Amino acid sequence: MRRAAPTDELLRSAFADATAQGALPRYRTLYEAIRQAILAQQLPPGTRLPSTRELARDLELSRNTVLSTFEALLAEGYILARAGSGTFVAHAAAAPKGRGRKPDAWRATSSSRSGLEELSRRGVRLARFQGGRRLEIQPLSGPEADFTLFPMKQWQRLQSRQLRQGHLELLDYATKGGYLPLRRAIADYVRTSRAVRVEVEQVVLTAGTQHSLDLCAQLLADVGDTVWMEEPGYWGARCIFEACDLRIEPIAVDAEGMNPDQAPRASRPRLIYLTPSNQYPMGVAMSLARRRALLQIAARERAWIIEDDYDSELRYSGRPLASLQGLDAEQRVVYLGTFSKVLYPGIKIGYMVVPAALAEPFRSALYDLQRPGQLTVQAALADFIERGYFVTHIRRLRQAYAERRELLVGILSAQLGKIAPITSQAAGLHLVIRLPDACDDQRLAALAAEQGTTVRALSGYYVGRPTARGLVVGFGYAPPDKLAAHGRMLGHAVRAGLKR
């Protein structure tokens, strides 16, 4: 009987370990075992490998399996065959010079450098920002979001219908700004409901508001350009603008919206980012005087206004406000909308209405940068709107969220009274509890979290020094039965925190 060599024992052990780690085909398992042993220099360069016949016998494999493995290793340069001498580990498979003799040490060094120090300066800023974890408004009842208001069966039927029809063109990339029937339906909808001046050619479909903002930042501004942002304002826009290396100038928000009189005298914006219908997160509506003033500034400075109309459908008193874009005679406004708030977040379909002169550049850049798709989903959404289901769903949604808002406001007002007034009640999926200026809203948010209630500190939405304190409370997607319980817990937590 042949006496097992150290190489045989090593390969037998490596093969057993690789087999235990997964369900790969046997030739692939053997390949990974030998490759890893070579890379780790457990099989140093020049090591003679067993013959294919010997290795097949030792590992109880067919010889064809071992031959396939050796062929792959030969082709990739891990091993070499010498006629009449056998098969050996190639010298080219050794670890690169300067990395140290031991591959284990090299891997440890590589792993230790796989964090922030390996990122670009922009990458480090993005990784440290973590806006979604800190600032995204979640239902106060915790991580269990309630999507039961969405007409799932109706939606499934529309999607199935699109698939049954078998239109092969829906399997391609989305060119020309997206699915034409959906763009036409959106144009008709925003023209009627939001007084947007639009032709179908101006509608560009995107993967949501963040995607729209990114396109605007890339196409309308250069590195170092100034963007005016509402203060406090939307963290997601701040993240995009910082990633594009724009200079953010925070402009204070008051009861009429962004106040351009608070801007530094020498500040000349290239972009002006606004949420005029329902300011995020304070919930105020921009006055007509402010809208006109900002349009005049945009025309004078040749700046672009980005109007983020993220939740205009969810207004609980009166009709939805007319858009800022509808007042724009100079074509300086890019209007953004999304379906994520009124359908479900993961649908990831947003839209832009861009000035006519920008339509073709935006469509072209969208295709070149993203190769967008989801045409089947876009087709189903077009059906959803054209058949009247969308308007019916919005009506039902508005009524349900109005009831939840009223329930939560009633509970919080009864417990907090004038010590912590509630704002942001006219529209949207959240409200704001205002706190005394000396209050530590971060500590109060943490205190609420200890009791299982999720709220955000208002001070976190400031770019500069916070001038107001409060708690941003999400009631959208919160199950009604949990809304009351968590509302009471939040009220108790705020009262307890203010007494300390």
# chains A, B, ... in the order shown; residues from 1 in each chain; ligands from 1
$ residues_around --residues "Ser51 (chain A)" --least-positions-apart "3" --cutoff "12 Å" --atoms "only C-alpha atoms" --output "PyMOL selection string"
chain A and resi 7-8+48+54-58+63+66-67+70+81+84-88
$ write_last_selection --atoms "all heavy atoms" --output "tab-separated table (two decimals), in the first residue's frame"
chain	number	residue	atom	x	y	z
A	7	THR	N	1.67	16.05	1.35
A	7	THR	CA	0.81	16.76	0.39
A	7	THR	C	-0.54	16.07	0.27
A	7	THR	O	-1.58	16.73	0.19
A	7	THR	CB	1.50	16.82	-0.98
A	7	THR	OG1	2.74	17.50	-0.84
A	7	THR	CG2	0.63	17.57	-1.99
A	8	ASP	N	-0.53	14.74	0.27
A	8	ASP	CA	-1.79	13.99	0.19
A	8	ASP	C	-2.68	14.31	1.38
A	8	ASP	O	-3.89	14.54	1.24
A	8	ASP	CB	-1.52	12.48	0.15
A	8	ASP	CG	-0.68	12.08	-1.06
A	8	ASP	OD1	-0.43	12.96	-1.90
A	8	ASP	OD2	-0.31	10.91	-1.15
A	48	ARG	N	5.31	19.38	-5.61
A	48	ARG	CA	4.81	18.38	-6.55
A	48	ARG	C	3.47	17.86	-6.05
A	48	ARG	O	3.33	17.49	-4.87
A	48	ARG	CB	5.80	17.23	-6.69
A	48	ARG	CG	5.41	16.18	-7.75
A	48	ARG	CD	6.41	15.04	-7.78
A	48	ARG	NE	6.14	14.12	-8.86
A	48	ARG	CZ	5.20	13.15	-8.82
A	48	ARG	NH1	4.46	13.01	-7.73
A	48	ARG	NH2	5.02	12.36	-9.85
A	54	GLU	N	-3.64	8.89	-8.38
A	54	GLU	CA	-3.45	8.76	-6.93
A	54	GLU	C	-4.46	9.62	-6.17
A	54	GLU	O	-5.07	9.19	-5.19
A	54	GLU	CB	-2.04	9.18	-6.55
A	54	GLU	CG	-0.94	8.24	-7.04
A	54	GLU	CD	0.43	8.83	-6.85
A	54	GLU	OE1	0.51	10.05	-6.53
A	54	GLU	OE2	1.43	8.11	-7.05
A	55	LEU	N	-4.65	10.87	-6.64
A	55	LEU	CA	-5.55	11.78	-5.94
A	55	LEU	C	-7.00	11.30	-6.03
A	55	LEU	O	-7.76	11.38	-5.07
A	55	LEU	CB	-5.42	13.19	-6.54
A	55	LEU	CG	-6.00	14.34	-5.71
A	55	LEU	CD1	-5.41	14.37	-4.32
A	55	LEU	CD2	-5.76	15.67	-6.41
A	56	ALA	N	-7.38	10.77	-7.18
A	56	ALA	CA	-8.74	10.25	-7.34
A	56	ALA	C	-8.98	9.10	-6.37
A	56	ALA	O	-10.04	9.00	-5.74
A	56	ALA	CB	-8.96	9.79	-8.78
A	57	ARG	N	-7.95	8.21	-6.22
A	57	ARG	CA	-8.10	7.08	-5.31
A	57	ARG	C	-8.17	7.56	-3.86
A	57	ARG	O	-9.02	7.10	-3.08
A	57	ARG	CB	-6.93	6.12	-5.50
A	57	ARG	CG	-7.06	4.85	-4.63
A	57	ARG	CD	-5.95	3.84	-4.93
A	57	ARG	NE	-4.62	4.42	-4.68
A	57	ARG	CZ	-3.73	4.67	-5.63
A	57	ARG	NH1	-4.02	4.41	-6.91
A	57	ARG	NH2	-2.54	5.18	-5.33
A	58	ASP	N	-7.29	8.48	-3.47
A	58	ASP	CA	-7.25	8.95	-2.07
A	58	ASP	C	-8.54	9.66	-1.66
A	58	ASP	O	-9.00	9.54	-0.52
A	58	ASP	CB	-6.07	9.91	-1.87
A	58	ASP	CG	-4.74	9.17	-1.87
A	58	ASP	OD1	-4.75	7.93	-1.82
A	58	ASP	OD2	-3.69	9.86	-1.95
A	63	ARG	N	-11.60	9.68	-11.77
A	63	ARG	CA	-10.41	10.33	-12.32
A	63	ARG	C	-10.78	11.50	-13.23
A	63	ARG	O	-10.05	12.49	-13.31
A	63	ARG	CB	-9.57	9.31	-13.09
A	63	ARG	CG	-8.18	9.85	-13.41
A	63	ARG	CD	-7.34	8.88	-14.16
A	63	ARG	NE	-6.04	9.45	-14.51
A	63	ARG	CZ	-5.30	9.05	-15.51
A	63	ARG	NH1	-5.70	8.05	-16.26
A	63	ARG	NH2	-4.13	9.64	-15.76
A	66	VAL	N	-10.97	14.67	-11.21
A	66	VAL	CA	-9.66	15.23	-10.88
A	66	VAL	C	-9.02	15.83	-12.13
A	66	VAL	O	-8.39	16.91	-12.07
A	66	VAL	CB	-8.75	14.15	-10.27
A	66	VAL	CG1	-7.38	14.73	-9.93
A	66	VAL	CG2	-9.39	13.57	-9.02
A	67	LEU	N	-9.17	15.16	-13.27
A	67	LEU	CA	-8.63	15.71	-14.51
A	67	LEU	C	-9.25	17.07	-14.84
A	67	LEU	O	-8.55	18.01	-15.24
A	67	LEU	CB	-8.88	14.73	-15.66
A	67	LEU	CG	-7.96	13.51	-15.73
A	67	LEU	CD1	-8.49	12.50	-16.75
A	67	LEU	CD2	-6.53	13.93	-16.11
A	70	PHE	N	-7.63	19.67	-12.54
A	70	PHE	CA	-6.26	20.01	-12.93
A	70	PHE	C	-6.24	20.86	-14.21
A	70	PHE	O	-5.42	21.78	-14.35
A	70	PHE	CB	-5.43	18.73	-13.12
A	70	PHE	CG	-4.82	18.23	-11.84
A	70	PHE	CD1	-5.50	18.30	-10.64
A	70	PHE	CD2	-3.54	17.68	-11.83
A	70	PHE	CE1	-4.94	17.83	-9.45
A	70	PHE	CE2	-2.96	17.21	-10.67
A	70	PHE	CZ	-3.66	17.29	-9.47
A	81	ALA	N	2.53	21.52	-15.70
A	81	ALA	CA	2.86	20.11	-15.92
A	81	ALA	C	4.21	20.02	-16.63
A	81	ALA	O	4.45	20.74	-17.60
A	81	ALA	CB	1.77	19.43	-16.74
A	84	GLY	N	7.05	13.92	-18.05
A	84	GLY	CA	7.91	12.92	-17.44
A	84	GLY	C	8.23	13.17	-15.99
A	84	GLY	O	8.83	12.32	-15.32
A	85	SER	N	7.84	14.35	-15.45
A	85	SER	CA	8.17	14.67	-14.05
A	85	SER	C	6.95	14.79	-13.15
A	85	SER	O	7.03	14.53	-11.95
A	85	SER	CB	8.97	15.98	-14.00
A	85	SER	OG	10.18	15.86	-14.73
A	86	GLY	N	5.82	15.23	-13.70
A	86	GLY	CA	4.62	15.36	-12.87
A	86	GLY	C	4.04	16.76	-12.94
A	86	GLY	O	4.35	17.56	-13.83
A	87	THR	N	3.18	17.11	-11.95
A	87	THR	CA	2.48	18.39	-11.88
A	87	THR	C	2.94	19.14	-10.64
A	87	THR	O	2.99	18.58	-9.54
A	87	THR	CB	0.95	18.18	-11.84
A	87	THR	OG1	0.57	17.37	-12.97
A	87	THR	CG2	0.21	19.49	-11.90
A	88	PHE	N	3.22	20.44	-10.80
A	88	PHE	CA	3.80	21.22	-9.72
A	88	PHE	C	3.04	22.54	-9.55
A	88	PHE	O	2.43	23.06	-10.50
A	88	PHE	CB	5.28	21.54	-10.03
A	88	PHE	CG	6.13	20.32	-10.16
A	88	PHE	CD1	6.20	19.63	-11.37
A	88	PHE	CD2	6.87	19.85	-9.08
A	88	PHE	CE1	6.99	18.50	-11.51
A	88	PHE	CE2	7.66	18.71	-9.21
A	88	PHE	CZ	7.72	18.03	-10.42
$ closest_atom_pairs --of "region 270-356 of chain A" --to "region 366-376 of chain A" --cutoff "10 Å" --atoms "only C-alpha atoms" --output "tab-separated table"
residue	atom	partner	partner_atom	distance
A:Ile347	CA	A:Gln374	CA	9.6
A:Lys348	CA	A:Gln374	CA	9.4
A:Ile349	CA	A:Gln374	CA	8.9
$ residues_around --residues "Thr209 (chain A)" --least-positions-apart "4" --cutoff "7 Å" --atoms "only C-alpha atoms" --output "list of chain:residue names"
A:Leu213, A:Leu336, A:Gly337, A:Thr338, A:Gly350
$ write_last_selection --atoms "all heavy atoms" --output "mmCIF file, in the first residue's frame"
data_model
loop_
_atom_site.group_PDB
_atom_site.id
_atom_site.type_symbol
_atom_site.label_atom_id
_atom_site.label_comp_id
_atom_site.auth_asym_id
_atom_site.auth_seq_id
_atom_site.Cartn_x
_atom_site.Cartn_y
_atom_site.Cartn_z
ATOM 1 N N LEU A 213 -33.093 63.548 -7.978
ATOM 2 C CA LEU A 213 -32.184 64.550 -7.418
ATOM 3 C C LEU A 213 -30.763 64.362 -7.935
ATOM 4 O O LEU A 213 -30.055 65.332 -8.236
ATOM 5 C CB LEU A 213 -32.199 64.464 -5.889
ATOM 6 C CG LEU A 213 -33.451 64.995 -5.192
ATOM 7 C CD1 LEU A 213 -33.436 64.618 -3.719
ATOM 8 C CD2 LEU A 213 -33.551 66.509 -5.350
ATOM 9 N N LEU A 336 -40.480 67.486 -9.303
ATOM 10 C CA LEU A 336 -40.269 66.079 -8.964
ATOM 11 C C LEU A 336 -41.497 65.507 -8.267
ATOM 12 O O LEU A 336 -42.072 66.135 -7.377
ATOM 13 C CB LEU A 336 -39.069 65.910 -8.024
ATOM 14 C CG LEU A 336 -37.747 66.590 -8.359
ATOM 15 C CD1 LEU A 336 -36.665 66.138 -7.374
ATOM 16 C CD2 LEU A 336 -37.323 66.295 -9.783
ATOM 17 N N GLY A 337 -41.875 64.294 -8.659
ATOM 18 C CA GLY A 337 -42.946 63.574 -7.981
ATOM 19 C C GLY A 337 -42.551 62.122 -7.786
ATOM 20 O O GLY A 337 -41.578 61.634 -8.375
ATOM 21 N N THR A 338 -43.295 61.419 -6.955
ATOM 22 C CA THR A 338 -42.985 60.013 -6.662
ATOM 23 C C THR A 338 -44.254 59.240 -6.355
ATOM 24 O O THR A 338 -45.257 59.820 -5.912
ATOM 25 C CB THR A 338 -42.024 59.914 -5.461
ATOM 26 O OG1 THR A 338 -41.737 58.534 -5.206
ATOM 27 C CG2 THR A 338 -42.635 60.519 -4.208
ATOM 28 N N GLY A 350 -40.420 57.204 -9.788
ATOM 29 C CA GLY A 350 -40.631 58.629 -9.631
ATOM 30 C C GLY A 350 -40.687 59.266 -11.000
ATOM 31 O O GLY A 350 -40.561 58.601 -12.031
#
$ closest_atom_pairs --of "region 292-407 of chain A" --to "region 162-165 of chain A" --cutoff "9 Å" --atoms "only C-alpha atoms" --output "tab-separated table"
residue	atom	partner	partner_atom	distance
A:Thr376	CA	A:Gln162	CA	6.5
A:Val377	CA	A:Gln162	CA	8.6
A:Ala379	CA	A:Gln162	CA	7.1
A:Ala380	CA	A:Gln162	CA	6.6
$ select_by_dssp --residues "region 298-444 of chain A" --states "alpha helix (DSSP H)" --output "NGL selection string"
:A and (298-301 or 359-370 or 375-386 or 389-416 or 441-444)
$ residues_around --residues "Leu205 (chain A)" --least-positions-apart "6" --cutoff "8 Å" --atoms "only C-alpha atoms" --output "list in words"
Gly177, Gly178, Tyr179, Arg183, Ile349, Gly350, Tyr351 and Met352 of chain A
